[in-house]
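Student: Structure below; questions to follow.
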Amino acid sequence: MALIPDGDYRPLYMSKDSPQTQVQAFSIDILPVTNQQYLTFIAANPRWQPQTIPHIFAEAQYLQHWAHQGEELRPAESQLNSPVINVSWFAAQAYCRSLDKRLPTVAEWERVASASETRADGSQEKSYHVRILEWYSRPSSKQLPAVGATPANFWGVQDLHGLIWEWTEDFNSTLVSGESRGDSNIDQKLFCAAGAQGAADPSDYAAFMRYGFRSSLQAKFTLPNLGFRCASSKEQTNEKI
């Protein structure tokens, strides 16, 4: 895992004059979770196998890119080192908890993902945004490449852009304001074009796409371009599974 120190983070929909949010130090996996790692997880935790996972925890498309080999459902050999996809938020969170980790929060993920290869904040680098938008404009490939093919960013983390979308712990909190169910409400200013009004960087289209995508998700969704990586609130070395 890579250790990310304390730092400031300003959510996309906040204005440039808004105070930044403090993000406490945390650790995050350098690479997304692979099919091989997830195969090992469900072998040790049968509850999360496709034939036994409760329907309320995952759609029918759960791990649909795997194939039956005899009586066993598993990824093809060529997919073992590719990122696991078609997993729900529930399943991703269960995997992380099995390692005494968790999914990263939106703020943590965005803080790490805002780094370019040479800077902790790549927002001022035109090539940084162009490269991300080029990926977003392409359709997802049927066969995903292996993890670790993209250059590491400033923090030493790879594949945050250009490979898959990733689950976050609080993915559905983007359009909700308030600290609890009692005082939460939908902020209408965050929908559609109104979301750019007063935004910190209205030109950061890629970030708007990420926020829009997250707000459309439900925890049971299993999508062919959505995977995950784990994080931790404490420093720890990367564990093999």
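Please note that chains go A, B, ... in the order of the structure tokens, that every chain numbers its residues from 1, and that ligands are numbered from 1 in the order shown.
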Which of region 73-119 of chain A counts as alpha helix (DSSP H) under DSSP, as a ChimeraX atom specification please?
Tutor: /A:89-98,106-113
Student: Show which residues sit within 12 Å of region 40-51 of chain A, as number ranges by chain. Count only C-alpha atoms, and ignore same-chain residues fewer than 2 positions away.
Tutor: A: 33-38, 53-55, 57-68, 71-75, 80, 84, 86-88, 90-99, 222, 240-241
Student: Near Asn153 (chain A), counting only C-alpha atoms, which residues have an atom at most 8 Å away, once you skip same-chain residues fewer than 3 positions from it, shown as a list in words?
Tutor: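 Near Asn153 (chain A), the qualifying residues are Ala115, Ser116, Glu117, Thr118, Arg119, Gly156, Val157 and Gln158 of chain A.
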Student: Provide the CA of Leu223 (chain A) to CA of Trp167 (chain A) distance in Å, to one decimal place.
Tutor: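 Value for the CA of Leu223 (chain A)-CA of Trp167 (chain A) distance: 10.7 Å.
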Student: Mind giving me the straight-line distance from CA of Tyr128 (chain A) to CA of His161 (chain A) in Å, one decimal?
Tutor: 10.2 Å
Student: Would you mind reading off the distance between CA of Asp121 (chain A) and CA of Tyr9 (chain A), one decimal, in Å?
Tutor: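 So the answer is 10.0 Å.
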Student: Pick out the residues sitting within 12 Å of Ile30 (chain A), and hand them over as an mmCIF file with all heavy atoms, in the first residue's frame; count only C-alpha atoms, and ignore anything fewer than 3 positions along from it in its own chain.
Tutor:
```
data_model
loop_
_atom_site.group_PDB
_atom_site.id
_atom_site.type_symbol
_atom_site.label_atom_id
_atom_site.label_comp_id
_atom_site.auth_asym_id
_atom_site.auth_seq_id
_atom_site.Cartn_x
_atom_site.Cartn_y
_atom_site.Cartn_z
ATOM 1 N N MET A 1 0.840 -1.191 0.000
ATOM 2 C CA MET A 1 0.000 0.000 0.000
ATOM 3 C C MET A 1 0.876 1.242 0.000
ATOM 4 O O MET A 1 2.042 1.207 0.418
ATOM 5 C CB MET A 1 -0.924 0.018 1.216
ATOM 6 C CG MET A 1 -1.826 -1.186 1.352
ATOM 7 S SD MET A 1 -3.009 -1.067 2.722
ATOM 8 C CE MET A 1 -4.303 -0.087 1.966
ATOM 9 N N ALA A 2 0.332 2.340 -0.486
ATOM 10 C CA ALA A 2 1.027 3.619 -0.453
ATOM 11 C C ALA A 2 0.457 4.455 0.685
ATOM 12 O O ALA A 2 -0.761 4.528 0.858
ATOM 13 C CB ALA A 2 0.856 4.351 -1.782
ATOM 14 N N LEU A 3 1.322 5.057 1.458
ATOM 15 C CA LEU A 3 0.884 5.919 2.552
ATOM 16 C C LEU A 3 0.715 7.340 2.030
ATOM 17 O O LEU A 3 1.648 7.931 1.486
ATOM 18 C CB LEU A 3 1.912 5.893 3.685
ATOM 19 C CG LEU A 3 1.610 6.805 4.876
ATOM 20 C CD1 LEU A 3 0.315 6.381 5.557
ATOM 21 C CD2 LEU A 3 2.772 6.783 5.873
ATOM 22 N N ILE A 4 -0.476 7.879 2.198
ATOM 23 C CA ILE A 4 -0.784 9.244 1.752
ATOM 24 C C ILE A 4 -0.855 10.131 2.986
ATOM 25 O O ILE A 4 -1.670 9.888 3.887
ATOM 26 C CB ILE A 4 -2.127 9.290 0.995
ATOM 27 C CG1 ILE A 4 -2.204 8.166 -0.042
ATOM 28 C CG2 ILE A 4 -2.321 10.659 0.360
ATOM 29 C CD1 ILE A 4 -1.120 8.203 -1.089
ATOM 30 N N SER A 27 -3.725 4.904 4.049
ATOM 31 C CA SER A 27 -3.011 4.061 3.104
ATOM 32 C C SER A 27 -3.982 3.559 2.051
ATOM 33 O O SER A 27 -5.163 3.369 2.324
ATOM 34 C CB SER A 27 -2.372 2.865 3.822
ATOM 35 O OG SER A 27 -1.405 3.286 4.765
ATOM 36 N N VAL A 33 -7.763 -4.448 -7.149
ATOM 37 C CA VAL A 33 -7.861 -5.869 -6.833
ATOM 38 C C VAL A 33 -8.033 -6.658 -8.129
ATOM 39 O O VAL A 33 -8.818 -6.280 -9.002
ATOM 40 C CB VAL A 33 -9.040 -6.124 -5.880
ATOM 41 C CG1 VAL A 33 -9.246 -7.619 -5.651
ATOM 42 C CG2 VAL A 33 -8.805 -5.409 -4.558
ATOM 43 N N THR A 34 -7.302 -7.749 -8.256
ATOM 44 C CA THR A 34 -7.344 -8.558 -9.476
ATOM 45 C C THR A 34 -8.322 -9.728 -9.364
ATOM 46 O O THR A 34 -8.789 -10.079 -8.278
ATOM 47 C CB THR A 34 -5.952 -9.126 -9.792
ATOM 48 O OG1 THR A 34 -5.582 -10.055 -8.748
ATOM 49 C CG2 THR A 34 -4.910 -8.023 -9.889
ATOM 50 N N TRP A 109 -10.042 8.957 -2.412
ATOM 51 C CA TRP A 109 -9.785 8.538 -3.789
ATOM 52 C C TRP A 109 -9.458 9.742 -4.662
ATOM 53 O O TRP A 109 -8.487 9.714 -5.431
ATOM 54 C CB TRP A 109 -11.004 7.792 -4.341
ATOM 55 C CG TRP A 109 -10.706 7.003 -5.590
ATOM 56 C CD1 TRP A 109 -10.423 5.672 -5.665
ATOM 57 C CD2 TRP A 109 -10.652 7.512 -6.929
ATOM 58 N NE1 TRP A 109 -10.186 5.318 -6.976
ATOM 59 C CE2 TRP A 109 -10.311 6.418 -7.769
ATOM 60 C CE3 TRP A 109 -10.829 8.765 -7.500
ATOM 61 C CZ2 TRP A 109 -10.181 6.563 -9.159
ATOM 62 C CZ3 TRP A 109 -10.688 8.908 -8.888
ATOM 63 C CH2 TRP A 109 -10.372 7.815 -9.692
ATOM 64 N N VAL A 112 -5.914 11.194 -4.016
ATOM 65 C CA VAL A 112 -4.841 10.421 -4.648
ATOM 66 C C VAL A 112 -4.901 10.557 -6.164
ATOM 67 O O VAL A 112 -3.875 10.709 -6.830
ATOM 68 C CB VAL A 112 -4.951 8.931 -4.258
ATOM 69 C CG1 VAL A 112 -3.857 8.121 -4.932
ATOM 70 C CG2 VAL A 112 -4.854 8.770 -2.756
ATOM 71 N N ALA A 113 -6.111 10.514 -6.722
ATOM 72 C CA ALA A 113 -6.270 10.530 -8.175
ATOM 73 C C ALA A 113 -5.976 11.888 -8.791
ATOM 74 O O ALA A 113 -5.796 11.985 -10.007
ATOM 75 C CB ALA A 113 -7.691 10.095 -8.538
ATOM 76 N N VAL A 147 -3.272 -5.279 -14.461
ATOM 77 C CA VAL A 147 -3.027 -4.110 -13.621
ATOM 78 C C VAL A 147 -1.541 -3.751 -13.665
ATOM 79 O O VAL A 147 -0.699 -4.587 -13.998
ATOM 80 C CB VAL A 147 -3.470 -4.372 -12.159
ATOM 81 C CG1 VAL A 147 -4.943 -4.705 -12.100
ATOM 82 C CG2 VAL A 147 -2.641 -5.489 -11.524
ATOM 83 N N GLY A 148 -1.243 -2.503 -13.339
ATOM 84 C CA GLY A 148 0.148 -2.077 -13.253
ATOM 85 C C GLY A 148 0.773 -1.652 -14.559
ATOM 86 O O GLY A 148 1.990 -1.447 -14.621
ATOM 87 N N ALA A 149 -0.041 -1.485 -15.609
ATOM 88 C CA ALA A 149 0.511 -1.118 -16.908
ATOM 89 C C ALA A 149 0.689 0.386 -17.059
ATOM 90 O O ALA A 149 1.484 0.845 -17.891
ATOM 91 C CB ALA A 149 -0.378 -1.641 -18.030
ATOM 92 N N THR A 150 -0.039 1.174 -16.268
ATOM 93 C CA THR A 150 0.082 2.629 -16.373
ATOM 94 C C THR A 150 1.158 3.142 -15.423
ATOM 95 O O THR A 150 1.443 2.514 -14.402
ATOM 96 C CB THR A 150 -1.257 3.309 -16.032
ATOM 97 O OG1 THR A 150 -1.630 2.971 -14.682
ATOM 98 C CG2 THR A 150 -2.351 2.856 -16.988
ATOM 99 N N PRO A 151 1.763 4.293 -15.740
ATOM 100 C CA PRO A 151 2.815 4.835 -14.864
ATOM 101 C C PRO A 151 2.261 5.184 -13.484
ATOM 102 O O PRO A 151 1.096 5.559 -13.343
ATOM 103 C CB PRO A 151 3.273 6.096 -15.610
ATOM 104 C CG PRO A 151 2.841 5.898 -17.025
ATOM 105 C CD PRO A 151 1.578 5.108 -16.956
ATOM 106 N N ALA A 152 3.089 5.050 -12.473
ATOM 107 C CA ALA A 152 2.690 5.429 -11.113
ATOM 108 C C ALA A 152 2.580 6.939 -11.018
ATOM 109 O O ALA A 152 3.319 7.682 -11.676
ATOM 110 C CB ALA A 152 3.709 4.898 -10.113
ATOM 111 N N ASN A 153 1.646 7.405 -10.192
ATOM 112 C CA ASN A 153 1.533 8.850 -9.997
ATOM 113 C C ASN A 153 2.496 9.316 -8.902
ATOM 114 O O ASN A 153 3.354 8.556 -8.443
ATOM 115 C CB ASN A 153 0.078 9.255 -9.702
ATOM 116 C CG ASN A 153 -0.410 8.801 -8.328
ATOM 117 O OD1 ASN A 153 0.332 8.278 -7.499
ATOM 118 N ND2 ASN A 153 -1.689 9.021 -8.065
ATOM 119 N N PHE A 154 2.356 10.550 -8.498
ATOM 120 C CA PHE A 154 3.259 11.158 -7.522
ATOM 121 C C PHE A 154 3.360 10.337 -6.247
ATOM 122 O O PHE A 154 4.424 10.277 -5.616
ATOM 123 C CB PHE A 154 2.758 12.572 -7.204
ATOM 124 C CG PHE A 154 3.572 13.316 -6.178
ATOM 125 C CD1 PHE A 154 4.726 13.982 -6.538
ATOM 126 C CD2 PHE A 154 3.168 13.341 -4.846
ATOM 127 C CE1 PHE A 154 5.475 14.663 -5.585
ATOM 128 C CE2 PHE A 154 3.904 14.012 -3.885
ATOM 129 C CZ PHE A 154 5.063 14.680 -4.260
ATOM 130 N N TRP A 155 2.267 9.676 -5.856
ATOM 131 C CA TRP A 155 2.233 8.900 -4.618
ATOM 132 C C TRP A 155 2.653 7.447 -4.820
ATOM 133 O O TRP A 155 2.675 6.675 -3.869
ATOM 134 C CB TRP A 155 0.815 8.933 -4.023
ATOM 135 C CG TRP A 155 0.293 10.299 -3.761
ATOM 136 C CD1 TRP A 155 -0.759 10.909 -4.398
ATOM 137 C CD2 TRP A 155 0.771 11.252 -2.805
ATOM 138 N NE1 TRP A 155 -0.947 12.173 -3.906
ATOM 139 C CE2 TRP A 155 -0.025 12.414 -2.926
ATOM 140 C CE3 TRP A 155 1.798 11.238 -1.863
ATOM 141 C CZ2 TRP A 155 0.175 13.547 -2.142
ATOM 142 C CZ3 TRP A 155 2.002 12.371 -1.077
ATOM 143 C CH2 TRP A 155 1.199 13.496 -1.221
ATOM 144 N N GLY A 156 2.960 7.081 -6.062
ATOM 145 C CA GLY A 156 3.332 5.696 -6.329
ATOM 146 C C GLY A 156 2.150 4.788 -6.577
ATOM 147 O O GLY A 156 2.293 3.566 -6.568
ATOM 148 N N VAL A 157 0.959 5.358 -6.815
ATOM 149 C CA VAL A 157 -0.274 4.587 -7.035
ATOM 150 C C VAL A 157 -0.540 4.505 -8.530
ATOM 151 O O VAL A 157 -0.349 5.479 -9.265
ATOM 152 C CB VAL A 157 -1.461 5.232 -6.298
ATOM 153 C CG1 VAL A 157 -2.731 4.427 -6.499
ATOM 154 C CG2 VAL A 157 -1.138 5.370 -4.810
ATOM 155 N N GLN A 158 -1.008 3.350 -8.986
ATOM 156 C CA GLN A 158 -1.218 3.121 -10.414
ATOM 157 C C GLN A 158 -2.676 2.794 -10.741
ATOM 158 O O GLN A 158 -3.443 2.371 -9.880
ATOM 159 C CB GLN A 158 -0.332 1.956 -10.886
ATOM 160 C CG GLN A 158 1.149 2.237 -10.808
ATOM 161 C CD GLN A 158 1.971 1.024 -11.190
ATOM 162 O OE1 GLN A 158 2.458 0.292 -10.337
ATOM 163 N NE2 GLN A 158 2.140 0.810 -12.495
ATOM 164 N N ASP A 159 -3.002 3.011 -12.003
ATOM 165 C CA ASP A 159 -4.290 2.588 -12.587
ATOM 166 C C ASP A 159 -5.510 3.297 -12.015
ATOM 167 O O ASP A 159 -6.628 2.788 -12.109
ATOM 168 C CB ASP A 159 -4.491 1.074 -12.432
ATOM 169 C CG ASP A 159 -3.438 0.266 -13.174
ATOM 170 O OD1 ASP A 159 -2.907 0.771 -14.176
ATOM 171 O OD2 ASP A 159 -3.157 -0.866 -12.747
ATOM 172 N N LEU A 160 -5.336 4.479 -11.450
ATOM 173 C CA LEU A 160 -6.495 5.240 -10.986
ATOM 174 C C LEU A 160 -7.290 5.789 -12.164
ATOM 175 O O LEU A 160 -8.485 6.033 -12.060
ATOM 176 C CB LEU A 160 -6.048 6.378 -10.070
ATOM 177 C CG LEU A 160 -5.530 5.932 -8.699
ATOM 178 C CD1 LEU A 160 -4.717 7.041 -8.050
ATOM 179 C CD2 LEU A 160 -6.670 5.517 -7.795
ATOM 180 N N PHE A 228 -12.477 -2.172 -7.871
ATOM 181 C CA PHE A 228 -12.182 -1.482 -6.614
ATOM 182 C C PHE A 228 -10.749 -1.746 -6.169
ATOM 183 O O PHE A 228 -10.061 -2.621 -6.700
ATOM 184 C CB PHE A 228 -13.147 -1.951 -5.516
ATOM 185 C CG PHE A 228 -12.939 -3.378 -5.067
ATOM 186 C CD1 PHE A 228 -12.229 -3.669 -3.901
ATOM 187 C CD2 PHE A 228 -13.458 -4.449 -5.799
ATOM 188 C CE1 PHE A 228 -12.045 -4.976 -3.478
ATOM 189 C CE2 PHE A 228 -13.280 -5.765 -5.381
ATOM 190 C CZ PHE A 228 -12.577 -6.030 -4.215
ATOM 191 N N ARG A 229 -10.330 -0.980 -5.203
ATOM 192 C CA ARG A 229 -9.103 -1.213 -4.449
ATOM 193 C C ARG A 229 -9.410 -0.885 -3.001
ATOM 194 O O ARG A 229 -10.426 -0.239 -2.710
ATOM 195 C CB ARG A 229 -7.942 -0.373 -4.988
ATOM 196 C CG ARG A 229 -8.010 1.106 -4.682
ATOM 197 C CD ARG A 229 -6.817 1.837 -5.292
ATOM 198 N NE ARG A 229 -6.927 1.900 -6.752
ATOM 199 C CZ ARG A 229 -5.877 1.911 -7.565
ATOM 200 N NH1 ARG A 229 -4.642 1.858 -7.074
ATOM 201 N NH2 ARG A 229 -6.052 1.979 -8.875
ATOM 202 N N CYS A 230 -8.553 -1.282 -2.086
ATOM 203 C CA CYS A 230 -8.809 -1.088 -0.664
ATOM 204 C C CYS A 230 -7.965 0.030 -0.088
ATOM 205 O O CYS A 230 -6.948 0.431 -0.660
ATOM 206 C CB CYS A 230 -8.543 -2.369 0.116
ATOM 207 S SG CYS A 230 -9.470 -3.804 -0.460
ATOM 208 N N ALA A 231 -8.407 0.524 1.050
ATOM 209 C CA ALA A 231 -7.691 1.574 1.771
ATOM 210 C C ALA A 231 -7.682 1.219 3.251
ATOM 211 O O ALA A 231 -8.335 0.264 3.687
ATOM 212 C CB ALA A 231 -8.357 2.931 1.548
ATOM 213 N N THR A 237 1.588 -2.473 5.411
ATOM 214 C CA THR A 237 2.178 -2.919 4.168
ATOM 215 C C THR A 237 1.141 -3.662 3.355
ATOM 216 O O THR A 237 0.145 -4.137 3.882
ATOM 217 C CB THR A 237 3.361 -3.870 4.448
ATOM 218 O OG1 THR A 237 2.900 -4.956 5.242
ATOM 219 C CG2 THR A 237 4.467 -3.133 5.179
ATOM 220 N N ASN A 238 1.377 -3.753 2.063
ATOM 221 C CA ASN A 238 0.434 -4.434 1.187
ATOM 222 C C ASN A 238 0.436 -5.931 1.480
ATOM 223 O O ASN A 238 1.476 -6.553 1.567
ATOM 224 C CB ASN A 238 0.814 -4.191 -0.281
ATOM 225 C CG ASN A 238 -0.359 -4.417 -1.205
ATOM 226 O OD1 ASN A 238 -1.502 -4.411 -0.765
ATOM 227 N ND2 ASN A 238 -0.069 -4.603 -2.471
ATOM 228 N N GLU A 239 -0.746 -6.503 1.644
ATOM 229 C CA GLU A 239 -0.860 -7.911 1.953
ATOM 230 C C GLU A 239 -1.231 -8.693 0.699
ATOM 231 O O GLU A 239 -1.969 -8.236 -0.133
ATOM 232 C CB GLU A 239 -1.944 -8.146 3.023
ATOM 233 C CG GLU A 239 -1.670 -7.414 4.315
ATOM 234 C CD GLU A 239 -2.815 -7.619 5.296
ATOM 235 O OE1 GLU A 239 -3.206 -8.775 5.511
ATOM 236 O OE2 GLU A 239 -3.308 -6.632 5.837
#
```
Student: Name the residues in contact with Arg214 (chain A) at a cut-off of 9 Å, using only C-alpha atoms, excluding same-chain residues fewer than 6 positions from it; report them as a PyMOL selection string.
Tutor: chain A and resi 167-168+171-174
Student: Would you pick out the contacts of Ser78 (chain A) at 10 Å or less, using only C-alpha atoms, so that residues sharing its chain but fewer than 4 positions from it are not included, and give the list as a PyMOL selection string?
Tutor: chain A and resi 82+143-146
Student: Could you save those same residues with N, CA and C atoms as a PDB file, in the first residue's frame?
Tutor:
```pdb
ATOM      1  N   SER A  82      -5.859  -9.270 -14.413  1.00  0.00           N
ATOM      2  CA  SER A  82      -6.675  -8.105 -14.771  1.00  0.00           C
ATOM      3  C   SER A  82      -7.530  -7.720 -13.571  1.00  0.00           C
ATOM      4  N   GLN A 143     -11.744  -7.325 -23.039  1.00  0.00           N
ATOM      5  CA  GLN A 143     -10.682  -7.958 -22.274  1.00  0.00           C
ATOM      6  C   GLN A 143      -9.814  -6.867 -21.658  1.00  0.00           C
ATOM      7  N   LEU A 144      -9.897  -6.702 -20.363  1.00  0.00           N
ATOM      8  CA  LEU A 144      -9.124  -5.667 -19.699  1.00  0.00           C
ATOM      9  C   LEU A 144      -7.662  -6.081 -19.590  1.00  0.00           C
ATOM     10  N   PRO A 145      -6.738  -5.128 -19.729  1.00  0.00           N
ATOM     11  CA  PRO A 145      -5.323  -5.451 -19.575  1.00  0.00           C
ATOM     12  C   PRO A 145      -4.979  -5.738 -18.117  1.00  0.00           C
ATOM     13  N   ALA A 146      -3.787  -6.217 -17.903  1.00  0.00           N
ATOM     14  CA  ALA A 146      -3.325  -6.494 -16.548  1.00  0.00           C
ATOM     15  C   ALA A 146      -3.137  -5.204 -15.772  1.00  0.00           C
TER      16      ALA A 146
END
```
